[in-house]
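Asker: Below is the file run-v6.csv, which contains CSV, C-alpha atoms and all ligand atoms.
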chain,number,residue,atom,x,y,z
A,9,MET,CA,-6.3,1.1,-22.3
A,10,ARG,CA,-9.3,1.6,-20.1
A,11,ILE,CA,-8.3,0.8,-16.6
A,12,LEU,CA,-10.4,0.6,-13.4
A,13,ILE,CA,-8.7,1.2,-10.1
A,14,THR,CA,-10.5,0.3,-6.8
A,15,GLY,CA,-9.2,2.5,-4.1
A,16,GLY,CA,-8.5,5.1,-6.8
A,17,ALA,CA,-8.8,8.0,-4.4
A,18,GLY,CA,-6.3,6.5,-2.0
A,19,PHE,CA,-2.6,7.2,-1.5
A,20,ILE,CA,-1.3,4.7,-4.0
A,21,GLY,CA,-4.4,4.5,-6.2
A,22,SER,CA,-4.3,8.2,-7.0
A,23,HIS,CA,-0.7,8.2,-7.9
A,24,LEU,CA,-1.3,5.3,-10.3
A,25,ALA,CA,-4.2,7.2,-11.8
A,26,ASP,CA,-1.9,10.2,-12.4
A,27,ARG,CA,0.7,8.1,-14.1
A,28,LEU,CA,-1.8,6.1,-16.2
A,29,LEU,CA,-3.5,9.3,-17.4
A,30,ALA,CA,-0.1,10.8,-18.2
A,31,ASP,CA,0.7,7.7,-20.3
A,32,GLY,CA,-2.5,8.3,-22.3
A,33,HIS,CA,-4.9,5.7,-20.8
A,34,SER,CA,-8.4,6.2,-19.5
A,35,VAL,CA,-9.0,5.7,-15.7
A,36,ILE,CA,-12.1,4.9,-13.7
A,37,ALA,CA,-11.4,5.3,-10.0
A,38,ILE,CA,-13.8,3.6,-7.6
A,39,ASP,CA,-13.5,4.5,-3.9
A,40,ASN,CA,-15.9,4.5,-0.9
A,41,LEU,CA,-13.8,7.2,0.6
A,42,ALA,CA,-13.4,5.2,3.9
A,43,THR,CA,-9.7,6.0,3.9
A,44,GLY,CA,-9.2,7.6,0.5
A,45,HIS,CA,-9.9,11.3,0.0
A,46,THR,CA,-11.3,13.4,-2.8
A,47,ARG,CA,-8.4,15.9,-2.3
A,48,ASN,CA,-6.1,13.2,-3.8
A,49,ILE,CA,-8.0,13.3,-7.1
A,50,GLU,CA,-9.5,16.8,-7.2
A,51,HIS,CA,-6.8,17.9,-9.7
A,52,LEU,CA,-8.3,15.3,-12.1
A,53,ALA,CA,-11.8,16.7,-12.0
A,54,GLY,CA,-12.9,17.5,-15.5
A,55,HIS,CA,-10.1,15.4,-17.1
A,56,GLU,CA,-11.7,13.9,-20.2
A,57,ARG,CA,-10.1,10.4,-19.6
A,58,PHE,CA,-10.9,10.3,-15.9
A,59,ARG,CA,-14.0,9.3,-14.0
A,60,PHE,CA,-14.6,8.9,-10.3
A,61,ILE,CA,-17.4,6.7,-8.9
A,62,LYS,CA,-18.1,6.7,-5.2
A,63,HIS,CA,-18.8,3.0,-4.5
A,64,ASP,CA,-18.0,0.4,-1.9
A,65,VAL,CA,-16.3,-2.5,-3.8
A,66,THR,CA,-17.7,-5.1,-1.4
A,67,GLU,CA,-21.1,-4.4,-3.1
A,68,PHE,CA,-21.8,-5.6,-6.7
A,69,VAL,CA,-19.6,-3.5,-9.1
A,70,TYR,CA,-20.6,-2.8,-12.6
A,71,VAL,CA,-19.4,-0.2,-15.2
A,72,GLU,CA,-20.5,0.2,-18.8
A,73,GLY,CA,-18.2,-0.4,-21.7
A,74,LYS,CA,-14.9,-2.3,-22.1
A,75,LEU,CA,-12.2,-2.6,-19.5
A,76,ASP,CA,-8.7,-3.8,-20.2
A,77,VAL,CA,-7.4,-3.9,-16.6
A,78,VAL,CA,-8.9,-4.0,-13.1
A,79,LEU,CA,-6.3,-2.8,-10.5
A,80,HIS,CA,-7.6,-3.8,-7.1
A,81,LEU,CA,-6.1,-1.6,-4.5
A,82,ALA,CA,-9.1,-0.9,-2.2
A,83,SER,CA,-8.0,-1.8,1.3
A,84,LEU,CA,-7.5,-0.5,4.9
A,85,PRO,CA,-3.7,-1.0,5.0
A,86,SER,CA,-2.8,0.9,8.1
A,87,PRO,CA,-2.6,-1.1,11.4
A,88,VAL,CA,-4.5,1.7,13.2
A,89,ASP,CA,-7.3,1.5,10.7
A,90,TYR,CA,-7.7,-2.2,10.6
A,91,LEU,CA,-7.5,-2.5,14.4
A,92,LYS,CA,-10.4,0.0,14.5
A,93,LYS,CA,-12.3,-1.4,11.6
A,94,PRO,CA,-11.6,-5.2,11.6
A,95,ILE,CA,-14.8,-6.3,9.8
A,96,PRO,CA,-14.6,-3.8,6.9
A,97,THR,CA,-10.9,-4.8,6.5
A,98,LEU,CA,-11.9,-8.5,6.2
A,99,LYS,CA,-14.8,-7.6,3.9
A,100,VAL,CA,-12.8,-5.5,1.4
A,101,GLY,CA,-10.0,-8.1,1.2
A,102,ALA,CA,-12.5,-11.0,0.8
A,103,LEU,CA,-15.8,-9.8,-0.7
A,104,GLY,CA,-14.2,-6.8,-2.4
A,105,THR,CA,-11.6,-8.9,-4.1
A,106,HIS,CA,-14.4,-11.4,-5.2
A,107,LYS,CA,-16.4,-8.5,-6.7
A,108,ALA,CA,-13.4,-7.0,-8.5
A,109,LEU,CA,-12.5,-10.4,-9.9
A,110,GLY,CA,-16.0,-11.0,-11.1
A,111,LEU,CA,-15.9,-7.6,-12.9
A,112,ALA,CA,-12.5,-8.5,-14.5
A,113,ARG,CA,-13.9,-11.9,-15.6
A,114,ASP,CA,-17.0,-10.3,-17.1
A,115,LYS,CA,-15.0,-7.8,-19.0
A,116,GLY,CA,-12.2,-10.2,-20.0
A,117,ALA,CA,-9.8,-7.8,-18.3
A,118,LEU,CA,-6.4,-8.4,-16.7
A,119,PHE,CA,-6.8,-8.5,-12.9
A,120,MET,CA,-4.0,-7.1,-10.7
A,121,LEU,CA,-4.1,-7.5,-6.9
A,122,ALA,CA,-2.4,-5.2,-4.5
A,123,SER,CA,-1.2,-7.6,-1.8
A,124,THR,CA,1.1,-7.0,1.1
A,125,SER,CA,4.3,-7.9,2.9
A,126,GLU,CA,1.9,-8.7,5.8
A,127,VAL,CA,1.2,-12.0,4.2
A,128,TYR,CA,4.6,-12.9,5.7
A,129,GLY,CA,3.4,-12.0,9.1
A,130,ASP,CA,6.2,-11.7,11.7
A,131,PRO,CA,8.7,-13.4,9.4
A,132,LEU,CA,11.0,-16.2,10.4
A,133,VAL,CA,12.9,-15.9,7.1
A,134,HIS,CA,14.8,-12.7,6.4
A,135,PRO,CA,14.7,-11.0,4.0
A,136,GLN,CA,11.4,-12.3,2.7
A,137,PRO,CA,11.4,-14.0,-0.7
A,138,GLU,CA,8.0,-14.7,-2.4
A,139,ASP,CA,8.2,-18.5,-1.8
A,140,TYR,CA,8.2,-17.9,2.0
A,141,TRP,CA,4.8,-18.9,3.3
A,142,GLY,CA,4.8,-16.6,6.3
A,143,ASN,CA,4.2,-16.6,10.0
A,144,VAL,CA,0.8,-15.1,10.6
A,145,ASN,CA,-1.3,-15.3,13.8
A,146,PRO,CA,-4.8,-15.7,12.3
A,147,VAL,CA,-6.6,-14.8,15.6
A,148,GLY,CA,-4.4,-11.8,16.5
A,149,PRO,CA,-5.4,-8.2,15.9
A,150,ARG,CA,-3.3,-8.1,12.6
A,151,GLY,CA,-4.9,-11.3,11.4
A,152,VAL,CA,-7.9,-9.4,10.0
A,153,TYR,CA,-5.6,-7.7,7.5
A,154,ASP,CA,-3.1,-10.4,6.9
A,155,GLU,CA,-5.7,-13.2,6.4
A,156,SER,CA,-7.9,-11.0,4.2
A,157,LYS,CA,-4.9,-10.4,1.9
A,158,ARG,CA,-3.9,-14.1,2.0
A,159,PHE,CA,-7.5,-15.0,1.0
A,160,ALA,CA,-7.3,-12.3,-1.7
A,161,GLU,CA,-4.2,-14.0,-3.1
A,162,ALA,CA,-5.9,-17.4,-2.9
A,163,ILE,CA,-9.1,-16.4,-4.7
A,164,THR,CA,-7.0,-14.5,-7.3
A,165,MET,CA,-5.1,-17.7,-8.1
A,166,ALA,CA,-8.3,-19.7,-8.1
A,167,TYR,CA,-9.8,-17.4,-10.7
A,168,HIS,CA,-6.6,-17.8,-12.7
A,169,ARG,CA,-6.6,-21.6,-12.5
A,170,TYR,CA,-10.3,-22.3,-12.7
A,171,HIS,CA,-11.5,-19.5,-15.0
A,172,GLY,CA,-8.3,-18.9,-16.9
A,173,LEU,CA,-8.4,-15.2,-15.8
A,174,ASP,CA,-5.1,-13.3,-16.6
A,175,THR,CA,-3.9,-12.2,-13.1
A,176,ARG,CA,-1.0,-10.5,-11.4
A,177,ILE,CA,-0.2,-10.2,-7.7
A,178,PHE,CA,2.2,-7.7,-6.2
A,179,ARG,CA,3.1,-7.6,-2.5
A,180,ILE,CA,3.7,-4.0,-1.4
A,181,PHE,CA,6.2,-3.4,1.4
A,182,ASN,CA,6.0,-0.1,3.4
A,183,THR,CA,5.5,2.6,0.9
A,184,TYR,CA,5.4,6.3,1.6
A,185,GLY,CA,5.0,9.7,-0.1
A,186,PRO,CA,2.6,12.6,-0.6
A,187,ARG,CA,-1.1,11.9,-0.1
A,188,MET,CA,-0.7,9.5,2.8
A,189,ARG,CA,-3.2,10.4,5.5
A,190,ALA,CA,-1.7,12.4,8.3
A,191,ASP,CA,-3.8,10.6,10.8
A,192,ASP,CA,-3.3,7.0,9.5
A,193,GLY,CA,-1.2,6.2,12.5
A,194,ARG,CA,1.7,4.8,10.5
A,195,VAL,CA,5.3,5.4,11.4
A,196,VAL,CA,6.0,7.7,8.4
A,197,THR,CA,3.0,10.0,8.9
A,198,ASN,CA,3.1,9.9,12.7
A,199,PHE,CA,6.8,11.0,12.8
A,200,ILE,CA,6.4,13.7,10.1
A,201,ALA,CA,3.2,15.1,11.6
A,202,GLN,CA,4.7,15.1,15.1
A,203,ALA,CA,7.9,16.8,13.9
A,204,LEU,CA,6.0,19.5,11.9
A,205,ARG,CA,3.7,20.2,14.9
A,206,GLY,CA,6.7,20.5,17.3
A,207,GLU,CA,5.7,17.3,19.2
A,208,ALA,CA,8.0,14.5,20.2
A,209,LEU,CA,8.3,11.5,17.8
A,210,THR,CA,6.8,8.4,19.4
A,211,VAL,CA,9.2,5.5,19.0
A,212,TYR,CA,7.4,2.4,20.1
A,213,ASP,CA,9.3,0.3,22.6
A,214,ASP,CA,13.1,0.4,22.0
A,215,GLY,CA,12.7,1.3,18.3
A,216,SER,CA,14.7,-1.8,17.2
A,217,ARG,CA,12.1,-3.2,14.9
A,218,THR,CA,13.1,-2.8,11.2
A,219,ARG,CA,11.2,-1.7,8.1
A,220,SER,CA,12.3,-0.9,4.5
A,221,PHE,CA,10.7,2.2,3.0
A,222,CYS,CA,9.8,2.6,-0.7
A,223,TYR,CA,8.9,5.9,-2.3
A,224,VAL,CA,5.6,5.8,-4.1
A,225,SER,CA,6.9,6.7,-7.6
A,226,ASP,CA,9.2,3.6,-7.4
A,227,LEU,CA,6.2,1.4,-6.4
A,228,VAL,CA,4.0,2.8,-9.3
A,229,ASP,CA,6.8,2.1,-11.7
A,230,GLY,CA,7.0,-1.5,-10.5
A,231,ILE,CA,3.3,-2.0,-10.8
A,232,LEU,CA,3.2,-0.7,-14.3
A,233,ARG,CA,6.1,-2.9,-15.3
A,234,LEU,CA,4.2,-5.9,-13.9
A,235,LEU,CA,1.1,-4.9,-15.8
A,236,ALA,CA,3.1,-5.3,-19.0
A,237,ALA,CA,4.8,-8.5,-17.9
A,238,LYS,CA,3.4,-12.0,-18.2
A,239,GLU,CA,3.9,-13.2,-14.6
A,240,THR,CA,1.2,-14.7,-12.5
A,241,GLU,CA,3.1,-15.7,-9.4
A,242,PRO,CA,3.4,-13.0,-6.7
A,243,ILE,CA,6.1,-10.4,-6.9
A,244,ASN,CA,7.5,-8.4,-4.0
A,245,LEU,CA,7.6,-4.6,-4.7
A,246,GLY,CA,9.6,-2.8,-2.0
A,247,ASN,CA,12.8,-1.1,-1.2
A,248,PRO,CA,15.4,-3.4,0.2
A,249,THR,CA,17.2,-0.7,2.3
A,250,GLU,CA,16.3,-1.7,5.8
A,251,MET,CA,16.6,0.4,9.0
A,252,THR,CA,15.4,0.4,12.5
A,253,VAL,CA,12.5,2.5,13.5
A,254,LEU,CA,14.9,4.5,15.8
A,255,GLU,CA,17.2,5.2,12.8
A,256,PHE,CA,14.1,6.2,10.8
A,257,ALA,CA,13.0,8.6,13.6
A,258,LYS,CA,16.4,10.2,13.6
A,259,THR,CA,16.3,10.7,9.8
A,260,VAL,CA,12.9,12.4,10.0
A,261,GLN,CA,14.1,14.5,13.0
A,262,LYS,CA,17.1,15.6,10.9
A,263,LEU,CA,15.1,16.4,7.8
A,264,THR,CA,12.5,18.5,9.7
A,265,GLY,CA,15.1,20.7,11.4
A,266,GLY,CA,16.5,18.6,14.2
A,267,THR,CA,14.6,20.2,17.0
A,268,SER,CA,12.0,17.6,17.8
A,269,GLU,CA,12.6,15.2,20.6
A,270,LEU,CA,12.3,11.4,20.4
A,271,VAL,CA,10.3,9.6,23.1
A,272,HIS,CA,10.0,5.9,23.7
A,273,VAL,CA,6.5,4.8,24.4
A,274,SER,CA,5.0,1.3,24.8
A,275,PRO,CA,1.4,1.3,23.6
A,276,THR,CA,-0.8,-0.6,26.0
A,277,ASP,CA,-3.5,-1.3,23.3
A,278,GLU,CA,-3.0,-3.8,20.6
A,279,ARG,CA,-1.0,-1.6,18.2
A,280,THR,CA,2.2,-3.5,18.7
A,281,LYS,CA,0.8,-7.0,19.3
A,282,ASP,CA,2.3,-9.3,16.7
A,283,ASP,CA,4.2,-6.3,15.2
A,284,PRO,CA,6.7,-7.8,12.8
A,285,GLN,CA,10.2,-7.5,14.3
A,286,VAL,CA,11.9,-7.2,11.0
A,287,ARG,CA,10.8,-6.6,7.3
A,288,ARG,CA,12.8,-6.4,4.2
A,289,PRO,CA,11.8,-7.5,0.7
A,290,ASP,CA,13.9,-9.9,-1.4
A,291,ILE,CA,13.5,-8.3,-4.8
A,292,GLN,CA,15.4,-10.7,-6.9
A,293,ARG,CA,12.3,-11.7,-8.9
A,294,ALA,CA,11.3,-8.1,-9.5
A,295,ARG,CA,14.9,-7.4,-10.7
A,296,GLU,CA,14.9,-10.4,-13.0
A,297,ILE,CA,11.4,-10.4,-14.4
A,298,LEU,CA,10.6,-6.7,-14.4
A,299,GLY,CA,14.1,-5.2,-14.6
A,300,TRP,CA,12.9,-3.1,-11.7
A,301,GLU,CA,14.5,-1.8,-8.5
A,302,PRO,CA,13.8,1.3,-6.5
A,303,LYS,CA,15.6,4.5,-7.4
A,304,VAL,CA,14.6,7.2,-5.0
A,305,PRO,CA,16.8,7.5,-1.9
A,306,LEU,CA,15.0,7.7,1.4
A,307,GLU,CA,16.1,11.3,2.2
A,308,GLU,CA,14.9,12.5,-1.2
A,309,GLY,CA,11.5,10.8,-0.9
A,310,LEU,CA,11.1,12.0,2.6
A,311,ARG,CA,11.8,15.6,1.6
A,312,HIS,CA,9.0,15.4,-0.9
A,313,THR,CA,6.7,13.9,1.7
A,314,ILE,CA,7.6,16.4,4.4
A,315,ASP,CA,7.0,19.3,1.9
A,316,TYR,CA,3.6,17.8,1.1
A,317,PHE,CA,2.6,17.7,4.8
A,318,ARG,CA,4.0,21.1,5.4
A,319,ARG,CA,1.8,22.6,2.7
A,320,LEU,CA,-1.2,20.5,3.8
A,321,PHE,CA,-1.0,21.8,7.4
A,322,ASP,CA,-0.3,25.4,6.2
A,323,GLU,CA,-3.6,25.2,4.2
A,324,GLY,CA,-5.4,24.0,7.3
A,325,GLY,CA,-5.6,20.3,6.1
A,326,ARG,CA,-5.2,17.5,8.5
B,401,LIG,N1,5.8,2.7,15.0
B,401,LIG,C1,6.4,3.6,16.0
B,401,LIG,N2,5.9,4.8,16.3
B,401,LIG,C2,4.7,5.2,15.7
B,401,LIG,C3,4.1,4.4,14.7
B,401,LIG,C4,4.7,3.1,14.4
B,401,LIG,O1,7.5,3.2,16.5
B,401,LIG,O2,4.3,6.3,16.0
B,401,LIG,C5,6.4,1.4,14.7
B,401,LIG,C6,5.5,0.2,14.7
B,401,LIG,O3,5.4,-0.3,15.9
B,401,LIG,C7,6.2,-0.7,13.6
B,401,LIG,C8,6.8,0.3,12.6
B,401,LIG,O4,6.9,1.6,13.3
B,401,LIG,O5,7.2,-1.5,14.3
B,401,LIG,C9,6.0,0.5,11.4
B,401,LIG,O6,4.7,0.7,11.7
B,401,LIG,P1,3.6,1.1,10.6
B,401,LIG,O7,2.3,1.4,11.4
B,401,LIG,O8,4.1,2.2,9.8
B,401,LIG,O9,3.3,-0.1,9.6
B,401,LIG,P2,3.6,-1.7,9.6
B,401,LIG,O10,4.9,-1.8,9.0
B,401,LIG,O11,3.7,-2.2,11.0
B,401,LIG,O12,2.5,-2.2,8.8
Could you write out this file's structure as structure tokens?

Answerer:
Amino acid sequence: MRILITGGAGFIGSHLADRLLADGHSVIAIDNLATGHTRNIEHLAGHERFRFIKHDVTEFVYVEGKLDVVLHLASLPSPVDYLKKPIPTLKVGALGTHKALGLARDKGALFMLASTSEVYGDPLVHPQPEDYWGNVNPVGPRGVYDESKRFAEAITMAYHRYHGLDTRIFRIFNTYGPRMRADDGRVVTNFIAQALRGEALTVYDDGSRTRSFCYVSDLVDGILRLLAAKETEPINLGNPTEMTVLEFAKTVQKLTGGTSELVHVSPTDERTKDDPQVRRPDIQRAREILGWEPKVPLEEGLRHTIDYFRRLFDEGGR
């Protein structure tokens, strides 16, 4: 197949590109490099079935030739990024999704939307099944991301219902692995970078909020199973193993040598406003429809991720 990935130089997009190329497909990666990085795809330079186009998906997108699938991953998914860049976040979720849908429709391609657990907001139902409509504050700082993805889901379903476009929606829960950005401000990268630099790990507030962390190869596997399935309704893709942020900090501390301290800090900016108190995917639908569940244990995935950042920092990367 010939597959276009928006956000193809990003963390998840580049892993998808690797896997699709390994499976024999052709990949066109589009990225404006706002949060993606060419180092994630430099090993693909010169690959005969890979092409990179630097382009902002909120602007009209066109590529020559047939396309079988448009995988729309372009996004600013880190809270720190979307708090700093609220308008580009809204634009890529809304205008970018519209353009990517238009391209898929023009080409008669399958359209796959990367959505998010943030559509559930600060959830009042736990764990979160797909039929939970969520608890989102539209005017809070996270609203720019949450609502842009909720709009993206709505317009995807509208293209499906009104234009008959073949579509898929997957809701990604906290995913981690090599090629995340060290400065993306997320808990995984903050803790690993802090530990490797000999700094204290910054646990926000009392560290009692929970998250469930999925290794990137498991997520990629789920996305490719969904590509092959005939399922239009949204599907959660995440690891149901839930832990508190404090437990997570202790795990990173242990795996990086056990010498870093943990400090509790309470950010005074908007970083923790409307921060979901708990998050864990209900993956019953993914199990039943895709025969999928995550396989990589947290410690194993974290070791790969820590090794990646150790190498990156050794080479002078940031
Ligand atoms: N967090 C933390 N210390 C950090 C960064 C994040 O305690 O240095 C917390 C954050 O408040 C949230 C959780 O870790 O409760 C996960 O945050 P992240 O930014 O990774 O993504 P989110 O799941 O909120 O989208």

Asker: I'd like to know which of A:Val88, A:Ala190, A:Val77, A:Ile314 is closest to ligand LIG 401 (chain B), using only C-alpha atoms and all ligand atoms.

Answerer: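 The closest residue to ligand LIG 401 (chain B) is A:Val88.
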
Asker: Would you kindly identify which residues have an atom no farther than 8 Å from (-16.4, -0.7, -7.5), using only C-alpha atoms and the file's own coordinates, and write them out as a count of residues only?

Answerer: 15

Asker: Need the shell around range 145-156 of chain A: protein/DNA/RNA residues with any atom at most 9 Å away, counting only C-alpha atoms. Skip same-chain ones fewer than 4 positions apart. Format as an MDAnalysis selection string?

Answerer: chainID A and resid 83:85 87 90:91 94:95 97:102 124:130 160:161 278:279 281:283

Asker: In Å to one decimal, how far is CA of Ala208 in chain A from atom N2 of ligand LIG 401 (chain B)?

Answerer: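 Going from atom N2 of ligand LIG 401 (chain B) over to CA of Ala208 in chain A covers 10.7 Å.
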
Asker: Would you write out, as CSV, a table of all residues in chain A that have an atom no more than 10 Å from an atom of ligand LIG 401 (chain B), listing for each the closest atom pair and the distance in Å to one decimal, considering all atoms listed in the file and ordering rows by chain and rising residue number?

Answerer:
residue,atom,partner,partner_atom,distance
A:Pro85,CA,B:LIG401,O12,7.4
A:Ser86,CA,B:LIG401,O7,6.1
A:Pro87,CA,B:LIG401,O7,5.5
A:Val88,CA,B:LIG401,O7,7.0
A:Asp89,CA,B:LIG401,O7,9.6
A:Thr124,CA,B:LIG401,O12,9.2
A:Ser125,CA,B:LIG401,O12,8.4
A:Glu126,CA,B:LIG401,O12,7.2
A:Gly129,CA,B:LIG401,O12,9.8
A:Asp130,CA,B:LIG401,O11,9.8
A:Arg150,CA,B:LIG401,O12,9.1
A:Tyr153,CA,B:LIG401,O12,9.9
A:Phe181,CA,B:LIG401,O10,7.9
A:Asn182,CA,B:LIG401,O10,6.0
A:Thr183,CA,B:LIG401,O8,9.0
A:Tyr184,CA,B:LIG401,O8,9.3
A:Asp192,CA,B:LIG401,O7,8.1
A:Gly193,CA,B:LIG401,C3,6.0
A:Arg194,CA,B:LIG401,O7,3.6
A:Val195,CA,B:LIG401,C3,3.7
A:Val196,CA,B:LIG401,O8,6.0
A:Thr197,CA,B:LIG401,O8,7.9
A:Asn198,CA,B:LIG401,O2,5.0
A:Phe199,CA,B:LIG401,O2,6.2
A:Ile200,CA,B:LIG401,O2,9.7
A:Ala201,CA,B:LIG401,O2,9.9
A:Gln202,CA,B:LIG401,O2,8.9
A:Ala208,CA,B:LIG401,O2,9.9
A:Leu209,CA,B:LIG401,O2,6.8
A:Thr210,CA,B:LIG401,O2,4.7
A:Val211,CA,B:LIG401,O1,3.8
A:Tyr212,CA,B:LIG401,O1,3.7
A:Asp213,CA,B:LIG401,O1,7.0
A:Asp214,CA,B:LIG401,O1,8.3
A:Gly215,CA,B:LIG401,O1,5.8
A:Ser216,CA,B:LIG401,O5,8.0
A:Arg217,CA,B:LIG401,O5,5.2
A:Thr218,CA,B:LIG401,O5,6.8
A:Arg219,CA,B:LIG401,O10,6.4
A:Ser220,CA,B:LIG401,O10,8.7
A:Phe221,CA,B:LIG401,O10,9.3
A:Thr252,CA,B:LIG401,C8,8.6
A:Val253,CA,B:LIG401,O4,5.7
A:Leu254,CA,B:LIG401,O1,7.5
A:Phe256,CA,B:LIG401,O4,8.9
A:Ala257,CA,B:LIG401,O1,8.2
A:Val271,CA,B:LIG401,N2,9.4
A:His272,CA,B:LIG401,O1,8.1
A:Val273,CA,B:LIG401,O1,8.1
A:Ser274,CA,B:LIG401,O1,8.9
A:Pro275,CA,B:LIG401,O3,8.8
A:Arg279,CA,B:LIG401,O3,6.9
A:Thr280,CA,B:LIG401,O3,5.3
A:Lys281,CA,B:LIG401,O3,8.8
A:Asp282,CA,B:LIG401,O11,9.2
A:Asp283,CA,B:LIG401,O5,5.7
A:Pro284,CA,B:LIG401,O5,6.5
A:Gln285,CA,B:LIG401,O5,6.7
A:Val286,CA,B:LIG401,O5,8.1
A:Arg287,CA,B:LIG401,O10,7.8

Asker: Leaving out Glu307 in chain A and any residue of its chain fewer than 4 positions from it, which residues lie within 10 Å of it when counting all atoms listed in the file, given as a PDB file with C-alpha atoms, in the frame of the given file?

Answerer:
ATOM      1  CA  THR A 259      16.300  10.700   9.800  1.00  0.00           C
ATOM      2  CA  VAL A 260      12.900  12.400  10.000  1.00  0.00           C
ATOM      3  CA  LYS A 262      17.100  15.600  10.900  1.00  0.00           C
ATOM      4  CA  LEU A 263      15.100  16.400   7.800  1.00  0.00           C
ATOM      5  CA  ARG A 311      11.800  15.600   1.600  1.00  0.00           C
ATOM      6  CA  HIS A 312       9.000  15.400  -0.900  1.00  0.00           C
ATOM      7  CA  THR A 313       6.700  13.900   1.700  1.00  0.00           C
TER       8      THR A 313
END

Asker: Just how far from CA of Pro302 in chain A is CA of Asp226 in chain A, in Å to one decimal?

Answerer: 5.2 Å

Asker: Point out the residue among A:Ala112, A:Ile163, A:Val35, A:Arg158 with the least atom-to-atom distance to Trp141 in chain A, counting all atoms listed in the file.

Answerer: A:Arg158

Asker: Considering all atoms listed in the file, state which residue in the set A:Ala122, A:Leu173, A:Leu306, A:Leu111 is at the smallest distance from Gly21 in chain A.

Answerer: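 Closest candidate: A:Ala122.
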
Asker: Which polymer residues have any atom within 12 Å of an atom of Ala117 in chain A, counting all atoms listed in the file, with same-chain residues fewer than 2 positions away left out, as JSON, numbers by chain?

Answerer: {"A": [9, 10, 11, 12, 73, 74, 75, 76, 77, 78, 79, 108, 109, 110, 111, 112, 113, 114, 115, 119, 120, 168, 172, 173, 174, 175, 176, 235]}

Asker: How far is it from CA of Met251 in chain A to CA of Trp300 in chain A, in Å with one decimal?

Answerer: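 Separation between CA of Met251 in chain A and CA of Trp300 in chain A: 21.3 Å.
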